[in-house]
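Text of model-v1.pdb (PDB, N, CA and C atoms) as supplied:
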```pdb
ATOM      1  N   MET A  28       0.848  -1.183   0.000
ATOM      2  CA  MET A  28       0.000   0.000   0.000
ATOM      3  C   MET A  28       0.888   1.239   0.000
ATOM      4  N   PRO A  29       0.553   2.234  -0.820
ATOM      5  CA  PRO A  29       1.375   3.438  -0.893
ATOM      6  C   PRO A  29       1.374   4.225   0.418
ATOM      7  N   VAL A  30       2.378   5.064   0.557
ATOM      8  CA  VAL A  30       2.488   5.948   1.712
ATOM      9  C   VAL A  30       1.367   6.972   1.633
ATOM     10  N   SER A  31       0.733   7.270   2.755
ATOM     11  CA  SER A  31      -0.346   8.262   2.774
ATOM     12  C   SER A  31       0.233   9.664   2.623
ATOM     13  N   THR A  32      -0.650  10.620   2.417
ATOM     14  CA  THR A  32      -0.228  12.013   2.291
ATOM     15  C   THR A  32      -0.187  12.705   3.654
ATOM     16  N   ALA A  33      -0.343  11.958   4.732
ATOM     17  CA  ALA A  33      -0.324  12.543   6.076
ATOM     18  C   ALA A  33       1.012  13.219   6.349
ATOM     19  N   SER A  34       0.944  14.327   7.034
ATOM     20  CA  SER A  34       2.155  15.038   7.431
ATOM     21  C   SER A  34       3.000  14.135   8.323
ATOM     22  N   PRO A  35       4.330  14.225   8.216
ATOM     23  CA  PRO A  35       5.194  13.407   9.071
ATOM     24  C   PRO A  35       5.394  14.003  10.458
ATOM     25  N   VAL A  36       4.538  14.970  10.825
ATOM     26  CA  VAL A  36       4.624  15.623  12.134
ATOM     27  C   VAL A  36       3.210  15.777  12.690
ATOM     28  N   ILE A  37       3.054  15.469  13.973
ATOM     29  CA  ILE A  37       1.779  15.723  14.647
ATOM     30  C   ILE A  37       2.082  16.223  16.047
ATOM     31  N   SER A  38       1.254  17.141  16.525
ATOM     32  CA  SER A  38       1.468  17.665  17.876
ATOM     33  C   SER A  38       0.179  17.560  18.679
ATOM     34  N   TYR A  39       0.364  17.458  19.970
ATOM     35  CA  TYR A  39      -0.744  17.337  20.916
ATOM     36  C   TYR A  39      -0.492  18.253  22.103
ATOM     37  N   ALA A  40      -1.565  18.684  22.732
ATOM     38  CA  ALA A  40      -1.487  19.337  24.036
ATOM     39  C   ALA A  40      -1.683  18.215  25.055
ATOM     40  N   ALA A  41      -0.590  17.605  25.466
ATOM     41  CA  ALA A  41      -0.656  16.473  26.393
ATOM     42  C   ALA A  41      -1.147  16.968  27.751
ATOM     43  N   ASN A  42      -2.084  16.214  28.348
ATOM     44  CA  ASN A  42      -2.780  16.682  29.544
ATOM     45  C   ASN A  42      -2.306  16.071  30.860
ATOM     46  N   GLY A  43      -1.287  15.224  30.827
ATOM     47  CA  GLY A  43      -0.810  14.604  32.060
ATOM     48  C   GLY A  43      -1.649  13.428  32.512
ATOM     49  N   VAL A  44      -2.705  13.094  31.758
ATOM     50  CA  VAL A  44      -3.577  11.966  32.097
ATOM     51  C   VAL A  44      -3.502  10.887  31.020
ATOM     52  N   ALA A  45      -3.666  11.294  29.755
ATOM     53  CA  ALA A  45      -3.628  10.337  28.640
ATOM     54  C   ALA A  45      -2.214   9.803  28.461
ATOM     55  N   THR A  46      -2.110   8.523  28.200
ATOM     56  CA  THR A  46      -0.797   7.906  27.988
ATOM     57  C   THR A  46      -0.583   7.442  26.554
ATOM     58  N   VAL A  47      -1.638   7.384  25.737
ATOM     59  CA  VAL A  47      -1.531   6.888  24.363
ATOM     60  C   VAL A  47      -1.816   8.028  23.384
ATOM     61  N   TYR A  48      -0.899   8.225  22.448
ATOM     62  CA  TYR A  48      -1.029   9.254  21.419
ATOM     63  C   TYR A  48      -0.748   8.621  20.067
ATOM     64  N   ALA A  49      -1.625   8.900  19.096
ATOM     65  CA  ALA A  49      -1.511   8.311  17.762
ATOM     66  C   ALA A  49      -0.579   9.121  16.876
ATOM     67  N   TYR A  50       0.081   8.417  15.973
ATOM     68  CA  TYR A  50       0.798   9.079  14.881
ATOM     69  C   TYR A  50       0.175   8.546  13.588
ATOM     70  N   PRO A  51      -0.196   9.428  12.630
ATOM     71  CA  PRO A  51      -0.967   9.006  11.457
ATOM     72  C   PRO A  51      -0.148   8.697  10.208
ATOM     73  N   PHE A  52       1.145   8.508  10.355
ATOM     74  CA  PHE A  52       2.002   8.306   9.192
ATOM     75  C   PHE A  52       2.740   6.972   9.299
ATOM     76  N   LYS A  53       3.149   6.454   8.149
ATOM     77  CA  LYS A  53       3.895   5.196   8.116
ATOM     78  C   LYS A  53       5.268   5.405   8.743
ATOM     79  N   LEU A  54       5.670   4.413   9.498
ATOM     80  CA  LEU A  54       6.962   4.448  10.176
ATOM     81  C   LEU A  54       7.690   3.157   9.848
ATOM     82  N   LEU A  55       8.914   3.253   9.336
ATOM     83  CA  LEU A  55       9.676   2.065   8.963
ATOM     84  C   LEU A  55      10.439   1.464  10.139
ATOM     85  N   ASP A  56      10.819   2.302  11.090
ATOM     86  CA  ASP A  56      11.617   1.848  12.227
ATOM     87  C   ASP A  56      11.401   2.830  13.382
ATOM     88  N   ALA A  57      11.393   2.317  14.597
ATOM     89  CA  ALA A  57      11.194   3.184  15.765
ATOM     90  C   ALA A  57      12.287   4.244  15.877
ATOM     91  N   SER A  58      13.466   3.950  15.354
ATOM     92  CA  SER A  58      14.559   4.929  15.425
ATOM     93  C   SER A  58      14.308   6.145  14.535
ATOM     94  N   HIS A  59      13.281   6.083  13.687
ATOM     95  CA  HIS A  59      12.951   7.204  12.806
ATOM     96  C   HIS A  59      11.997   8.190  13.472
ATOM     97  N   LEU A  60      11.777   8.041  14.758
ATOM     98  CA  LEU A  60      10.924   8.970  15.501
ATOM     99  C   LEU A  60      11.764   9.926  16.327
ATOM    100  N   VAL A  61      11.352  11.186  16.318
ATOM    101  CA  VAL A  61      11.893  12.177  17.240
ATOM    102  C   VAL A  61      10.678  12.719  17.985
ATOM    103  N   VAL A  62      10.659  12.510  19.289
ATOM    104  CA  VAL A  62       9.528  12.925  20.111
ATOM    105  C   VAL A  62      10.027  13.940  21.121
ATOM    106  N   THR A  63       9.330  15.082  21.174
ATOM    107  CA  THR A  63       9.723  16.118  22.129
ATOM    108  C   THR A  63       8.524  16.508  22.985
ATOM    109  N   LEU A  64       8.821  16.913  24.195
ATOM    110  CA  LEU A  64       7.834  17.435  25.124
ATOM    111  C   LEU A  64       8.326  18.814  25.547
ATOM    112  N   ASP A  65       7.576  19.840  25.165
ATOM    113  CA  ASP A  65       7.987  21.227  25.388
ATOM    114  C   ASP A  65       9.389  21.491  24.827
ATOM    115  N   GLY A  66       9.673  20.891  23.650
ATOM    116  CA  GLY A  66      10.938  21.113  22.965
ATOM    117  C   GLY A  66      12.099  20.254  23.436
ATOM    118  N   VAL A  67      11.876  19.417  24.450
ATOM    119  CA  VAL A  67      12.940  18.563  24.999
ATOM    120  C   VAL A  67      12.713  17.123  24.527
ATOM    121  N   PRO A  68      13.712  16.478  23.918
ATOM    122  CA  PRO A  68      13.546  15.095  23.474
ATOM    123  C   PRO A  68      13.193  14.163  24.640
ATOM    124  N   VAL A  69      12.258  13.238  24.385
ATOM    125  CA  VAL A  69      11.860  12.244  25.385
ATOM    126  C   VAL A  69      11.943  10.856  24.779
ATOM    127  N   THR A  70      12.115   9.870  25.638
ATOM    128  CA  THR A  70      12.221   8.474  25.181
ATOM    129  C   THR A  70      11.387   7.529  26.038
ATOM    130  N   ASN A  71      10.538   8.060  26.899
ATOM    131  CA  ASN A  71       9.779   7.217  27.814
ATOM    132  C   ASN A  71       8.468   6.730  27.181
ATOM    133  N   TYR A  72       8.583   6.093  26.023
ATOM    134  CA  TYR A  72       7.412   5.593  25.308
ATOM    135  C   TYR A  72       7.751   4.294  24.593
ATOM    136  N   THR A  73       6.705   3.549  24.262
ATOM    137  CA  THR A  73       6.837   2.383  23.391
ATOM    138  C   THR A  73       6.047   2.677  22.123
ATOM    139  N   VAL A  74       6.451   2.046  21.028
ATOM    140  CA  VAL A  74       5.863   2.316  19.718
ATOM    141  C   VAL A  74       5.128   1.083  19.218
ATOM    142  N   SER A  75       3.931   1.285  18.682
ATOM    143  CA  SER A  75       3.220   0.211  17.984
ATOM    144  C   SER A  75       2.886   0.697  16.581
ATOM    145  N   GLY A  76       2.611  -0.224  15.685
ATOM    146  CA  GLY A  76       2.191   0.134  14.334
ATOM    147  C   GLY A  76       3.311   0.336  13.341
ATOM    148  N   ILE A  77       4.513  -0.096  13.665
ATOM    149  CA  ILE A  77       5.621   0.076  12.719
ATOM    150  C   ILE A  77       5.308  -0.703  11.440
ATOM    151  N   GLY A  78       5.415  -0.011  10.302
ATOM    152  CA  GLY A  78       5.137  -0.616   9.009
ATOM    153  C   GLY A  78       3.705  -0.436   8.540
ATOM    154  N   ASN A  79       2.810  -0.011   9.404
ATOM    155  CA  ASN A  79       1.414   0.212   9.013
ATOM    156  C   ASN A  79       1.287   1.533   8.269
ATOM    157  N   SER A  80       0.636   1.519   7.114
ATOM    158  CA  SER A  80       0.524   2.745   6.326
ATOM    159  C   SER A  80      -0.297   3.814   7.039
ATOM    160  N   GLY A  81      -1.203   3.412   7.925
ATOM    161  CA  GLY A  81      -2.026   4.374   8.653
ATOM    162  C   GLY A  81      -1.430   4.844   9.961
ATOM    163  N   GLY A  82      -0.221   4.379  10.301
ATOM    164  CA  GLY A  82       0.445   4.800  11.526
ATOM    165  C   GLY A  82       0.210   3.861  12.683
ATOM    166  N   GLY A  83       0.304   4.396  13.895
ATOM    167  CA  GLY A  83       0.176   3.590  15.099
ATOM    168  C   GLY A  83       0.095   4.481  16.317
ATOM    169  N   ASP A  84       0.572   3.960  17.440
ATOM    170  CA  ASP A  84       0.463   4.675  18.709
ATOM    171  C   ASP A  84       1.793   4.709  19.450
ATOM    172  N   LEU A  85       1.941   5.756  20.264
ATOM    173  CA  LEU A  85       3.010   5.822  21.247
ATOM    174  C   LEU A  85       2.339   5.721  22.608
ATOM    175  N   THR A  86       2.877   4.866  23.467
ATOM    176  CA  THR A  86       2.353   4.724  24.820
ATOM    177  C   THR A  86       3.420   5.208  25.782
ATOM    178  N   PHE A  87       3.079   6.223  26.578
ATOM    179  CA  PHE A  87       4.024   6.874  27.477
ATOM    180  C   PHE A  87       3.877   6.376  28.914
ATOM    181  N   THR A  88       4.995   6.341  29.614
ATOM    182  CA  THR A  88       5.018   6.066  31.044
ATOM    183  C   THR A  88       6.036   7.011  31.660
ATOM    184  N   PRO A  89       5.628   7.934  32.493
ATOM    185  CA  PRO A  89       4.262   8.301  32.866
ATOM    186  C   PRO A  89       3.605   9.155  31.786
ATOM    187  N   ALA A  90       2.338   9.531  32.021
ATOM    188  CA  ALA A  90       1.599  10.370  31.073
ATOM    189  C   ALA A  90       2.298  11.715  30.918
ATOM    190  N   PRO A  91       2.506  12.160  29.677
ATOM    191  CA  PRO A  91       3.171  13.454  29.467
ATOM    192  C   PRO A  91       2.230  14.628  29.692
ATOM    193  N   SER A  92       2.818  15.771  29.971
ATOM    194  CA  SER A  92       2.058  17.002  30.142
ATOM    195  C   SER A  92       2.835  18.134  29.479
ATOM    196  N   GLY A  93       2.206  18.810  28.530
ATOM    197  CA  GLY A  93       2.850  19.897  27.806
ATOM    198  C   GLY A  93       2.654  19.727  26.310
ATOM    199  N   GLU A  94       3.420  20.460  25.513
ATOM    200  CA  GLU A  94       3.328  20.342  24.060
ATOM    201  C   GLU A  94       4.126  19.132  23.600
ATOM    202  N   LEU A  95       3.406  18.129  23.105
ATOM    203  CA  LEU A  95       4.003  16.879  22.637
ATOM    204  C   LEU A  95       4.072  16.913  21.115
ATOM    205  N   VAL A  96       5.261  16.758  20.558
ATOM    206  CA  VAL A  96       5.440  16.745  19.102
ATOM    207  C   VAL A  96       6.065  15.419  18.706
ATOM    208  N   ILE A  97       5.403  14.739  17.766
ATOM    209  CA  ILE A  97       5.868  13.449  17.250
ATOM    210  C   ILE A  97       6.254  13.678  15.792
ATOM    211  N   ARG A  98       7.492  13.379  15.449
ATOM    212  CA  ARG A  98       8.021  13.676  14.119
ATOM    213  C   ARG A  98       8.752  12.452  13.563
ATOM    214  N   ARG A  99       8.437  12.130  12.296
ATOM    215  CA  ARG A  99       9.186  11.077  11.600
ATOM    216  C   ARG A  99      10.389  11.729  10.935
ATOM    217  N   VAL A 100      11.584  11.211  11.233
ATOM    218  CA  VAL A 100      12.816  11.742  10.654
ATOM    219  C   VAL A 100      13.628  10.567  10.112
ATOM    220  N   LEU A 101      13.646  10.445   8.803
ATOM    221  CA  LEU A 101      14.439   9.405   8.152
ATOM    222  C   LEU A 101      15.794   9.975   7.772
ATOM    223  N   PRO A 102      16.831   9.153   7.824
ATOM    224  CA  PRO A 102      18.109   9.614   7.294
ATOM    225  C   PRO A 102      17.963   9.859   5.794
ATOM    226  N   LEU A 103      18.536  10.944   5.312
ATOM    227  CA  LEU A 103      18.488  11.211   3.876
ATOM    228  C   LEU A 103      19.644  10.487   3.215
ATOM    229  N   GLY A 104      19.365   9.891   2.100
ATOM    230  CA  GLY A 104      20.381   9.130   1.393
ATOM    231  C   GLY A 104      19.773   7.865   0.841
ATOM    232  N   ARG A 105      20.608   7.107   0.196
ATOM    233  CA  ARG A 105      20.163   5.874  -0.435
ATOM    234  C   ARG A 105      21.062   4.746   0.020
ATOM    235  N   ASP A 106      20.446   3.675   0.538
ATOM    236  CA  ASP A 106      21.245   2.529   0.960
ATOM    237  C   ASP A 106      20.928   1.273   0.156
ATOM    238  N   GLU A 107      20.000   1.383  -0.799
ATOM    239  CA  GLU A 107      19.681   0.233  -1.646
ATOM    240  C   GLU A 107      20.733   0.099  -2.749
ATOM    241  N   ASP A 108      20.976  -1.124  -3.152
ATOM    242  CA  ASP A 108      21.935  -1.371  -4.222
ATOM    243  C   ASP A 108      21.419  -2.524  -5.065
ATOM    244  N   TYR A 109      20.736  -2.192  -6.157
ATOM    245  CA  TYR A 109      20.191  -3.218  -7.040
ATOM    246  C   TYR A 109      21.310  -3.793  -7.888
ATOM    247  N   GLN A 110      21.263  -5.083  -8.085
ATOM    248  CA  GLN A 110      22.305  -5.774  -8.838
ATOM    249  C   GLN A 110      21.858  -6.036 -10.275
ATOM    250  N   PRO A 111      22.779  -5.927 -11.249
ATOM    251  CA  PRO A 111      22.430  -6.239 -12.635
ATOM    252  C   PRO A 111      21.907  -7.676 -12.729
ATOM    253  N   SER A 112      20.813  -7.835 -13.424
ATOM    254  CA  SER A 112      20.177  -9.145 -13.617
ATOM    255  C   SER A 112      19.784  -9.807 -12.296
ATOM    256  N   GLY A 113      19.709  -9.021 -11.218
ATOM    257  CA  GLY A 113      19.303  -9.562  -9.921
ATOM    258  C   GLY A 113      17.789  -9.590  -9.800
ATOM    259  N   ALA A 114      17.331 -10.281  -8.784
ATOM    260  CA  ALA A 114      15.898 -10.346  -8.521
ATOM    261  C   ALA A 114      15.415  -8.988  -8.015
ATOM    262  N   LEU A 115      14.325  -8.519  -8.557
ATOM    263  CA  LEU A 115      13.738  -7.265  -8.116
ATOM    264  C   LEU A 115      12.313  -7.572  -7.681
ATOM    265  N   ARG A 116      12.172  -7.837  -6.411
ATOM    266  CA  ARG A 116      10.883  -8.244  -5.864
ATOM    267  C   ARG A 116      10.006  -7.018  -5.616
ATOM    268  N   GLU A 117       8.719  -7.207  -5.773
ATOM    269  CA  GLU A 117       7.748  -6.119  -5.621
ATOM    270  C   GLU A 117       7.865  -5.447  -4.264
ATOM    271  N   GLU A 118       7.954  -6.226  -3.195
ATOM    272  CA  GLU A 118       7.997  -5.641  -1.858
ATOM    273  C   GLU A 118       9.281  -4.835  -1.630
ATOM    274  N   THR A 119      10.368  -5.231  -2.274
ATOM    275  CA  THR A 119      11.618  -4.478  -2.163
ATOM    276  C   THR A 119      11.490  -3.138  -2.864
ATOM    277  N   LEU A 120      11.013  -3.150  -4.084
ATOM    278  CA  LEU A 120      10.868  -1.918  -4.857
ATOM    279  C   LEU A 120       9.820  -1.004  -4.221
ATOM    280  N   ASP A 121       8.700  -1.571  -3.788
ATOM    281  CA  ASP A 121       7.647  -0.775  -3.172
ATOM    282  C   ASP A 121       8.150  -0.117  -1.886
ATOM    283  N   GLY A 122       8.898  -0.846  -1.080
ATOM    284  CA  GLY A 122       9.463  -0.289   0.147
ATOM    285  C   GLY A 122      10.446   0.835  -0.137
ATOM    286  N   ASP A 123      11.268   0.654  -1.163
ATOM    287  CA  ASP A 123      12.232   1.692  -1.524
ATOM    288  C   ASP A 123      11.532   2.961  -2.016
ATOM    289  N   LEU A 124      10.471   2.788  -2.812
ATOM    290  CA  LEU A 124       9.716   3.949  -3.285
ATOM    291  C   LEU A 124       8.997   4.639  -2.129
ATOM    292  N   ASP A 125       8.447   3.860  -1.196
ATOM    293  CA  ASP A 125       7.811   4.451  -0.010
ATOM    294  C   ASP A 125       8.815   5.306   0.762
ATOM    295  N   LYS A 126      10.026   4.804   0.906
ATOM    296  CA  LYS A 126      11.056   5.547   1.637
ATOM    297  C   LYS A 126      11.344   6.868   0.945
ATOM    298  N   ARG A 127      11.402   6.893  -0.379
ATOM    299  CA  ARG A 127      11.648   8.131  -1.119
ATOM    300  C   ARG A 127      10.523   9.131  -0.874
ATOM    301  N   VAL A 128       9.278   8.651  -0.920
ATOM    302  CA  VAL A 128       8.141   9.541  -0.688
ATOM    303  C   VAL A 128       8.220  10.118   0.731
ATOM    304  N   MET A 129       8.573   9.296   1.709
ATOM    305  CA  MET A 129       8.698   9.774   3.087
ATOM    306  C   MET A 129       9.800  10.820   3.215
ATOM    307  N   GLN A 130      10.903  10.620   2.513
ATOM    308  CA  GLN A 130      11.983  11.599   2.557
ATOM    309  C   GLN A 130      11.545  12.915   1.919
ATOM    310  N   ILE A 131      10.755  12.851   0.851
ATOM    311  CA  ILE A 131      10.233  14.060   0.214
ATOM    312  C   ILE A 131       9.265  14.770   1.161
ATOM    313  N   GLN A 132       8.378  14.014   1.815
ATOM    314  CA  GLN A 132       7.458  14.608   2.780
ATOM    315  C   GLN A 132       8.227  15.311   3.895
ATOM    316  N   GLN A 133       9.256  14.662   4.383
ATOM    317  CA  GLN A 133      10.076  15.229   5.456
ATOM    318  C   GLN A 133      10.731  16.529   5.003
ATOM    319  N   THR A 134      11.309  16.527   3.817
ATOM    320  CA  THR A 134      11.962  17.729   3.297
ATOM    321  C   THR A 134      10.950  18.844   3.092
ATOM    322  N   ALA A 135       9.766  18.517   2.555
ATOM    323  CA  ALA A 135       8.734  19.521   2.354
ATOM    324  C   ALA A 135       8.293  20.128   3.678
ATOM    325  N   GLU A 136       8.189  19.311   4.718
ATOM    326  CA  GLU A 136       7.807  19.799   6.054
ATOM    327  C   GLU A 136       8.875  20.743   6.605
ATOM    328  N   GLU A 137      10.135  20.383   6.417
ATOM    329  CA  GLU A 137      11.227  21.211   6.917
ATOM    330  C   GLU A 137      11.320  22.541   6.181
ATOM    331  N   VAL A 138      11.097  22.526   4.865
ATOM    332  CA  VAL A 138      11.201  23.733   4.054
ATOM    333  C   VAL A 138       9.980  24.622   4.230
ATOM    334  N   GLY A 139       8.790  23.983   4.315
ATOM    335  CA  GLY A 139       7.540  24.746   4.342
ATOM    336  C   GLY A 139       7.226  25.245   5.688
TER     337      GLY A 139
END
```
Step by step, read the file and then write its structure as structure tokens.
Amino acid sequence: MPVSTASPVISYAANGVATVYAYPFKLLDASHLVVTLDGVPVTNYTVSGIGNSGGGDLTFTPAPSGELVIRRVLPLGRDEDYQPSGALREETLDGDLDKRVMQIQQTAEEVG
């Protein structure tokens, strides 16, 4: 399934009670998340929904309070290396194209 047009950034006014916050964008790896609370990076969460085109959830312990920003940040660059006359499987090509679209979304968010 193609990558959605959802922004790679979402913010919440965390209330100190809720512990689960959704992210609406595809995530390839948990390391591609940058989460801040009032501008300070936080890591006290678990991630679900990795690989789902519609996103997933972050579950915090304890419940955050303040401006919560969830951002997908992929490294820019290319790490794929297709071989001449090699197998080119649909899931490999589709994943690589999804990554390019995500990098474009990220760049557009940073520039705009």
Could you please give me, as a PyMOL selection string, the residues of protein, DNA or RNA lying at most 6 Å from (-1.4, 16.0, 28.1) in the coordinate frame of the file, considering only N, CA and C atoms?
chain A and resi 40-45+91-93
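Distance annotation: of A:Arg105, A:Val100, A:Ala114, A:Gly78, the residue with the minimal separation from Glu137 of chain A is A:Val100; atom set is only C-alpha atoms.
This file, filtered with the PyMOL selection byres ((chain A and resi 66-73) around 7), gives the residues A:Val61, A:Val62, A:Thr63, A:Leu64, A:Asp65, A:Val74, A:Ser75, A:Asp84, A:Leu85, A:Thr86, A:Phe87, A:Thr88, A:Pro89, A:Glu94, A:Leu95, A:Val96.
Across the model, the gap from atom CA of Ser80 of chain A to atom N of Gly122 of chain A is 11.7 Å.
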Where does DSSP see alpha helix (DSSP H) in chain A, if you list the residues as a list of chain:residue names?
A:Glu117, A:Glu118, A:Thr119, A:Leu120, A:Asp121, A:Gly122, A:Asp123, A:Leu124, A:Asp125, A:Lys126, A:Arg127, A:Val128, A:Met129, A:Gln130, A:Ile131, A:Gln132, A:Gln133, A:Thr134, A:Ala135, A:Glu136, A:Glu137, A:Val138
Could you save those same residues with N, CA and C atoms as an mmCIF file, keeping the file's coordinate frame?
```
data_model
loop_
_atom_site.group_PDB
_atom_site.id
_atom_site.type_symbol
_atom_site.label_atom_id
_atom_site.label_comp_id
_atom_site.auth_asym_id
_atom_site.auth_seq_id
_atom_site.Cartn_x
_atom_site.Cartn_y
_atom_site.Cartn_z
ATOM 1 N N GLU A 117 8.719 -7.207 -5.773
ATOM 2 C CA GLU A 117 7.748 -6.119 -5.621
ATOM 3 C C GLU A 117 7.865 -5.447 -4.264
ATOM 4 N N GLU A 118 7.954 -6.226 -3.195
ATOM 5 C CA GLU A 118 7.997 -5.641 -1.858
ATOM 6 C C GLU A 118 9.281 -4.835 -1.630
ATOM 7 N N THR A 119 10.368 -5.231 -2.274
ATOM 8 C CA THR A 119 11.618 -4.478 -2.163
ATOM 9 C C THR A 119 11.490 -3.138 -2.864
ATOM 10 N N LEU A 120 11.013 -3.150 -4.084
ATOM 11 C CA LEU A 120 10.868 -1.918 -4.857
ATOM 12 C C LEU A 120 9.820 -1.004 -4.221
ATOM 13 N N ASP A 121 8.700 -1.571 -3.788
ATOM 14 C CA ASP A 121 7.647 -0.775 -3.172
ATOM 15 C C ASP A 121 8.150 -0.117 -1.886
ATOM 16 N N GLY A 122 8.898 -0.846 -1.080
ATOM 17 C CA GLY A 122 9.463 -0.289 0.147
ATOM 18 C C GLY A 122 10.446 0.835 -0.137
ATOM 19 N N ASP A 123 11.268 0.654 -1.163
ATOM 20 C CA ASP A 123 12.232 1.692 -1.524
ATOM 21 C C ASP A 123 11.532 2.961 -2.016
ATOM 22 N N LEU A 124 10.471 2.788 -2.812
ATOM 23 C CA LEU A 124 9.716 3.949 -3.285
ATOM 24 C C LEU A 124 8.997 4.639 -2.129
ATOM 25 N N ASP A 125 8.447 3.860 -1.196
ATOM 26 C CA ASP A 125 7.811 4.451 -0.010
ATOM 27 C C ASP A 125 8.815 5.306 0.762
ATOM 28 N N LYS A 126 10.026 4.804 0.906
ATOM 29 C CA LYS A 126 11.056 5.547 1.637
ATOM 30 C C LYS A 126 11.344 6.868 0.945
ATOM 31 N N ARG A 127 11.402 6.893 -0.379
ATOM 32 C CA ARG A 127 11.648 8.131 -1.119
ATOM 33 C C ARG A 127 10.523 9.131 -0.874
ATOM 34 N N VAL A 128 9.278 8.651 -0.920
ATOM 35 C CA VAL A 128 8.141 9.541 -0.688
ATOM 36 C C VAL A 128 8.220 10.118 0.731
ATOM 37 N N MET A 129 8.573 9.296 1.709
ATOM 38 C CA MET A 129 8.698 9.774 3.087
ATOM 39 C C MET A 129 9.800 10.820 3.215
ATOM 40 N N GLN A 130 10.903 10.620 2.513
ATOM 41 C CA GLN A 130 11.983 11.599 2.557
ATOM 42 C C GLN A 130 11.545 12.915 1.919
ATOM 43 N N ILE A 131 10.755 12.851 0.851
ATOM 44 C CA ILE A 131 10.233 14.060 0.214
ATOM 45 C C ILE A 131 9.265 14.770 1.161
ATOM 46 N N GLN A 132 8.378 14.014 1.815
ATOM 47 C CA GLN A 132 7.458 14.608 2.780
ATOM 48 C C GLN A 132 8.227 15.311 3.895
ATOM 49 N N GLN A 133 9.256 14.662 4.383
ATOM 50 C CA GLN A 133 10.076 15.229 5.456
ATOM 51 C C GLN A 133 10.731 16.529 5.003
ATOM 52 N N THR A 134 11.309 16.527 3.817
ATOM 53 C CA THR A 134 11.962 17.729 3.297
ATOM 54 C C THR A 134 10.950 18.844 3.092
ATOM 55 N N ALA A 135 9.766 18.517 2.555
ATOM 56 C CA ALA A 135 8.734 19.521 2.354
ATOM 57 C C ALA A 135 8.293 20.128 3.678
ATOM 58 N N GLU A 136 8.189 19.311 4.718
ATOM 59 C CA GLU A 136 7.807 19.799 6.054
ATOM 60 C C GLU A 136 8.875 20.743 6.605
ATOM 61 N N GLU A 137 10.135 20.383 6.417
ATOM 62 C CA GLU A 137 11.227 21.211 6.917
ATOM 63 C C GLU A 137 11.320 22.541 6.181
ATOM 64 N N VAL A 138 11.097 22.526 4.865
ATOM 65 C CA VAL A 138 11.201 23.733 4.054
ATOM 66 C C VAL A 138 9.980 24.622 4.230
#
```
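For the residues A:Thr46, A:Asp123, A:Glu118, A:Ile131, ranking by smallest atom-to-atom distance to Arg99 of chain A using only C-alpha atoms places A:Ile131 first.
Checking A:Asp56, A:Ile97, A:Leu115, A:Asp125 one by one against Ser38 of chain A, counting only N, CA and C atoms, you find the shortest gap at A:Ile97.
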Sel. within 12 Å of pt (1.3, -2.8, 9.4), counting only C-alpha atoms, output as a list in words:
Met28, Val30, Phe52, Lys53, Leu54, Leu55, Asp56, Ser75, Gly76, Ile77, Gly78, Asn79, Ser80, Gly81, Gly82, Gly83 and Asp84 of chain A
Take the residues just selected and output them with N, CA and C atoms as a short mmCIF file (atom, residue, chain, number, x, y, z; two decimals), in the frame of the given file.
```cif
data_model
loop_
_atom_site.label_atom_id
_atom_site.label_comp_id
_atom_site.auth_asym_id
_atom_site.auth_seq_id
_atom_site.Cartn_x
_atom_site.Cartn_y
_atom_site.Cartn_z
N MET A 28 0.85 -1.18 0.00
CA MET A 28 0.00 0.00 0.00
C MET A 28 0.89 1.24 0.00
N VAL A 30 2.38 5.06 0.56
CA VAL A 30 2.49 5.95 1.71
C VAL A 30 1.37 6.97 1.63
N PHE A 52 1.14 8.51 10.36
CA PHE A 52 2.00 8.31 9.19
C PHE A 52 2.74 6.97 9.30
N LYS A 53 3.15 6.45 8.15
CA LYS A 53 3.90 5.20 8.12
C LYS A 53 5.27 5.40 8.74
N LEU A 54 5.67 4.41 9.50
CA LEU A 54 6.96 4.45 10.18
C LEU A 54 7.69 3.16 9.85
N LEU A 55 8.91 3.25 9.34
CA LEU A 55 9.68 2.06 8.96
C LEU A 55 10.44 1.46 10.14
N ASP A 56 10.82 2.30 11.09
CA ASP A 56 11.62 1.85 12.23
C ASP A 56 11.40 2.83 13.38
N SER A 75 3.93 1.28 18.68
CA SER A 75 3.22 0.21 17.98
C SER A 75 2.89 0.70 16.58
N GLY A 76 2.61 -0.22 15.68
CA GLY A 76 2.19 0.13 14.33
C GLY A 76 3.31 0.34 13.34
N ILE A 77 4.51 -0.10 13.66
CA ILE A 77 5.62 0.08 12.72
C ILE A 77 5.31 -0.70 11.44
N GLY A 78 5.42 -0.01 10.30
CA GLY A 78 5.14 -0.62 9.01
C GLY A 78 3.70 -0.44 8.54
N ASN A 79 2.81 -0.01 9.40
CA ASN A 79 1.41 0.21 9.01
C ASN A 79 1.29 1.53 8.27
N SER A 80 0.64 1.52 7.11
CA SER A 80 0.52 2.74 6.33
C SER A 80 -0.30 3.81 7.04
N GLY A 81 -1.20 3.41 7.92
CA GLY A 81 -2.03 4.37 8.65
C GLY A 81 -1.43 4.84 9.96
N GLY A 82 -0.22 4.38 10.30
CA GLY A 82 0.44 4.80 11.53
C GLY A 82 0.21 3.86 12.68
N GLY A 83 0.30 4.40 13.90
CA GLY A 83 0.18 3.59 15.10
C GLY A 83 0.10 4.48 16.32
N ASP A 84 0.57 3.96 17.44
CA ASP A 84 0.46 4.68 18.71
C ASP A 84 1.79 4.71 19.45
#
```
Pairwise distance for atom CA of Arg127 of chain A and atom CA of Leu103 of chain A, rounded to one decimal in Å
9.0 Å
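Of the residues under consideration (A:Ser34, A:Gln110, A:Thr119, A:Gln130), A:Ser34 shows the shortest atom-to-atom contact distance to Pro51 of chain A when counting all atoms listed in the file.
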Find the distance between atom CA of Leu101 of chain A and atom CA of Arg116 of chain A and write it in Å to one decimal.
22.8 Å
